[in-house]
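For reference, the structure discussed in these notes is given below.
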Amino acid sequence: MDIQVLKTLYSDYGSMLFQGILDTLFMVFASVAAAYIMGIPIGILTEVTRKGGIRPLPVLNSILGFIINIGRSIPFIILLVAVMPVTRIIAGTTIGPEAATVPLIIAATPFVGRMVENSLREVDAGVIEAAKAMGADTLQIIYKVLLPEALPSLIMGASLATITLVGYTAMAGAVGGRGLGDIALRFGYYRYEADVMVATIILLIIMVQIIQSMGHFLSKKIDKRGKGEN
Amino acid sequence: MIEVKQLTKEFSIAKNKKLTVLNDVNLVIEDGDIFGIIGMSGAGKSTFIRCLNLLERPTRGSILIEGVDITKKKGRELLSLRKQIGMIFQNFNLLMQKNVSKNIAFGLEITRVKDYKIPGISDEDYKKLGFFKKRSLKKKEIGRRVDELLKLVDLEEKKYEYPSKLSGGQRQRVAIARALATNPSILLCDEATSALDSRTTESILKLLKRINEETKVTIIMITHEMNVVQKICNKVAVLDKSEIVASGYTREVFSDTSSEIVAQLLGGGEE
């Protein structure tokens, strides 16, 4: 690909691709933020109430597990269509990036909840026992032991969730959500303009790489455990 | 004084199937004792020590501390009791994302004035504190106590290190400081030296002995290592297959060669 091709590509589609990046970023970060606001409490509750957890509540735990599993077993492309009535009530429309965040949040929340739960479960049971022995109550164990000890893992989880959502936004694009995925589909699939599609793929790869590296960097930076030690 | 009376702990492992881990255990531990409980693995030692701060609830029997049965305690009362009983572990169980100072401060940060037993202040004095006994400890008070404890365990220069940078012995010193932060009257040691080499074990035992002499804290330690008991415990109980088979002053128990399990333990200790 010589430089001239890139130049025409830029002048013809530059502003559209730029808008696509903005739309994708908006969809990803708005839904990740909302999914975490709801997913963190769900994850904490599931971990704490499980059998052998800090405060076992089997009934609540099964209900939460059931809800999470339902949310996770519906393929996103189907969920997108299925929740359209809900989307219309909340966003007033079913097209555009704002409307797309509704199904994205619905899909991401159980995913985030499960990931938070898994991160918290990695915390050494001995440390929790020590906190109990010191007379910590359930809330103190959550805030002062579970969350701080699991923080590096929670951050890795957040970058994974964000990357997964980048993929989801491409599907949201297919039903009118706009963003890079939408551009790739329209030009690559419907109009056979492979160069635009390749450009969007490269942009998506860069985006994912940046998110992954940032998550990795942050997680490592705050982790006070030495390399390879418990 | 701690009186353990007819303590039994059963775990239900299946419907109508129970596993008896402790069977009718009776023990008296005097204030200031360093009391060893020795036994093979699976004898019930871990469960026993966890009954003393109700990490495990006994199925039957009672545990009297200063004449009060603790086995009925629940909620706030239980949390407050646990602040009077320190505990250290085989694997130290330090908070890996917090530095030494923060680890030691943990127990203090979750404690209100009324549960923080300052030596020399009587219960009556605490009652006079009225409203103030309900407040949390202040940063300054916590900081002062942490420095005191760092000095006690001889780790002043490691104050801002993270546990991953410390040796096993140093980690256990941090754990000891953390367990003693709220001035407990009892310190439980759960195989506290089993993960340490013999030289480090020696220094930790010395430290525990010194703390016992200085603060009069009652130390209860479970172990499978004979030499640990011989070195610092003034009294010992031998736990075998869920039951106490011998107990008394260390020298007397270990000189009774007619007991098969004692002979076995003594043999194991020489390895």
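Identifiers in this document derive from the order of the structure tokens: chains are assigned A, B, ..., residues are numbered from 1 separately in each chain, and ligands are numbered from 1 in order of occurrence.
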Restrict the calculation to only C-alpha atoms, then for each residue of chain A with any atom at most 12 Å from an atom of chain B give the closest atom pair and their distance in Å to one decimal, rows by chain and rising residue number, as CSV.
```
residue,atom,partner,partner_atom,distance
A:Ile54,CA,B:Leu55,CA,11.4
A:Val123,CA,B:Leu95,CA,9.7
A:Asp124,CA,B:Asn93,CA,7.9
A:Ala125,CA,B:Asn93,CA,8.6
A:Gly126,CA,B:Asn93,CA,5.4
A:Val127,CA,B:Asn93,CA,4.6
A:Ile128,CA,B:Asn93,CA,8.2
A:Glu129,CA,B:Leu55,CA,8.0
A:Ala130,CA,B:Asn93,CA,6.4
A:Ala131,CA,B:Gly107,CA,7.9
A:Lys132,CA,B:Leu55,CA,7.7
A:Ala133,CA,B:Arg82,CA,5.9
A:Met134,CA,B:Lys83,CA,5.5
A:Gly135,CA,B:Leu79,CA,4.3
A:Ala136,CA,B:Ile110,CA,6.5
A:Asp137,CA,B:Leu79,CA,7.1
A:Thr138,CA,B:Leu79,CA,10.6
A:Leu139,CA,B:Ile110,CA,10.6
A:Gln140,CA,B:Ile110,CA,7.4
A:Ile141,CA,B:Ile110,CA,9.9
A:Tyr143,CA,B:Ile110,CA,11.2
A:Lys144,CA,B:Phe106,CA,8.5
A:Val145,CA,B:Leu95,CA,7.4
A:Leu146,CA,B:Leu95,CA,9.8
A:Leu147,CA,B:Gln97,CA,10.3
A:Pro148,CA,B:Gln97,CA,6.8
A:Glu149,CA,B:Gln97,CA,5.7
A:Ala150,CA,B:Gln97,CA,8.7
A:Leu151,CA,B:Gln97,CA,8.7
A:Pro152,CA,B:Gln97,CA,9.3
A:Ser153,CA,B:Gln97,CA,11.8
A:Ser219,CA,B:Gln97,CA,11.9
A:Lys220,CA,B:Gln97,CA,11.9
A:Lys221,CA,B:Gln97,CA,11.5
A:Ile222,CA,B:Gln97,CA,8.3
A:Asp223,CA,B:Gln97,CA,6.7
A:Lys224,CA,B:Gln97,CA,5.2
A:Arg225,CA,B:Ser164,CA,5.4
A:Gly226,CA,B:Ser164,CA,5.5
A:Lys227,CA,B:Ser164,CA,8.9
A:Gly228,CA,B:Ser164,CA,10.0
A:Glu229,CA,B:Ser164,CA,7.2
A:Asn230,CA,B:Ser164,CA,8.4
```
Close residues, B:Lys18 itself excluded, 12 Å, only C-alpha atoms, min 5 positions apart in chain, as number ranges by chain: B: 9-13, 59
Output file for the residues above (all heavy atoms, as an mmCIF file, in the first residue's frame):
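selection_36.cif, freshly written:
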```cif
data_model
loop_
_atom_site.group_PDB
_atom_site.id
_atom_site.type_symbol
_atom_site.label_atom_id
_atom_site.label_comp_id
_atom_site.auth_asym_id
_atom_site.auth_seq_id
_atom_site.Cartn_x
_atom_site.Cartn_y
_atom_site.Cartn_z
ATOM 1 N N LYS B 9 -16.637 -31.559 69.163
ATOM 2 C CA LYS B 9 -16.937 -30.958 67.865
ATOM 3 C C LYS B 9 -17.151 -32.060 66.843
ATOM 4 O O LYS B 9 -16.307 -32.929 66.653
ATOM 5 C CB LYS B 9 -15.788 -30.046 67.408
ATOM 6 C CG LYS B 9 -15.953 -29.488 66.014
ATOM 7 C CD LYS B 9 -17.048 -28.439 65.915
ATOM 8 C CE LYS B 9 -17.253 -28.002 64.474
ATOM 9 N NZ LYS B 9 -18.348 -27.026 64.325
ATOM 10 N N GLU B 10 -18.323 -32.010 66.229
ATOM 11 C CA GLU B 10 -18.628 -32.985 65.179
ATOM 12 C C GLU B 10 -18.895 -32.230 63.884
ATOM 13 O O GLU B 10 -19.498 -31.169 63.895
ATOM 14 C CB GLU B 10 -19.887 -33.786 65.558
ATOM 15 C CG GLU B 10 -19.693 -34.704 66.750
ATOM 16 C CD GLU B 10 -21.009 -35.147 67.370
ATOM 17 O OE1 GLU B 10 -22.067 -34.585 67.010
ATOM 18 O OE2 GLU B 10 -20.977 -36.045 68.226
ATOM 19 N N PHE B 11 -18.438 -32.787 62.805
ATOM 20 C CA PHE B 11 -18.790 -32.252 61.486
ATOM 21 C C PHE B 11 -19.719 -33.251 60.826
ATOM 22 O O PHE B 11 -19.436 -34.450 60.847
ATOM 23 C CB PHE B 11 -17.546 -32.078 60.617
ATOM 24 C CG PHE B 11 -16.650 -30.951 61.056
ATOM 25 C CD1 PHE B 11 -15.478 -31.206 61.771
ATOM 26 C CD2 PHE B 11 -16.980 -29.638 60.760
ATOM 27 C CE1 PHE B 11 -14.652 -30.169 62.172
ATOM 28 C CE2 PHE B 11 -16.154 -28.597 61.150
ATOM 29 C CZ PHE B 11 -14.995 -28.859 61.870
ATOM 30 N N SER B 12 -20.815 -32.759 60.252
ATOM 31 C CA SER B 12 -21.641 -33.707 59.505
ATOM 32 C C SER B 12 -21.082 -33.780 58.086
ATOM 33 O O SER B 12 -20.962 -32.769 57.399
ATOM 34 C CB SER B 12 -23.101 -33.269 59.502
ATOM 35 O OG SER B 12 -23.216 -31.972 58.984
ATOM 36 N N ILE B 13 -20.682 -34.960 57.689
ATOM 37 C CA ILE B 13 -20.038 -35.107 56.375
ATOM 38 C C ILE B 13 -21.016 -35.610 55.335
ATOM 39 O O ILE B 13 -20.817 -35.454 54.153
ATOM 40 C CB ILE B 13 -18.791 -36.031 56.433
ATOM 41 C CG1 ILE B 13 -19.060 -37.244 57.319
ATOM 42 C CG2 ILE B 13 -17.596 -35.268 56.945
ATOM 43 C CD1 ILE B 13 -17.944 -38.255 57.309
ATOM 44 N N THR B 59 -19.755 -28.294 69.080
ATOM 45 C CA THR B 59 -21.064 -28.950 69.027
ATOM 46 C C THR B 59 -21.653 -29.060 70.434
ATOM 47 O O THR B 59 -22.829 -28.809 70.650
ATOM 48 C CB THR B 59 -20.925 -30.360 68.416
ATOM 49 O OG1 THR B 59 -20.158 -30.253 67.218
ATOM 50 C CG2 THR B 59 -22.284 -30.948 68.083
#
```
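In terms of minimum interatomic distance to B:Val68, B:Ile2 ranks closest within B:Ile222, B:Val146, B:Leu19, B:Ile2, counting only C-alpha atoms.
Nearest to A:Leu64 of all the residues A:Gln19, A:Gly43, A:Val83, A:Gly52 is A:Gly43, counting only C-alpha atoms.
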Per-residue DSSP, stretch 140-178 of chain B, filtered to alpha helix (DSSP H), as a PyMOL selection string: chain B and resi 140-152+168-178
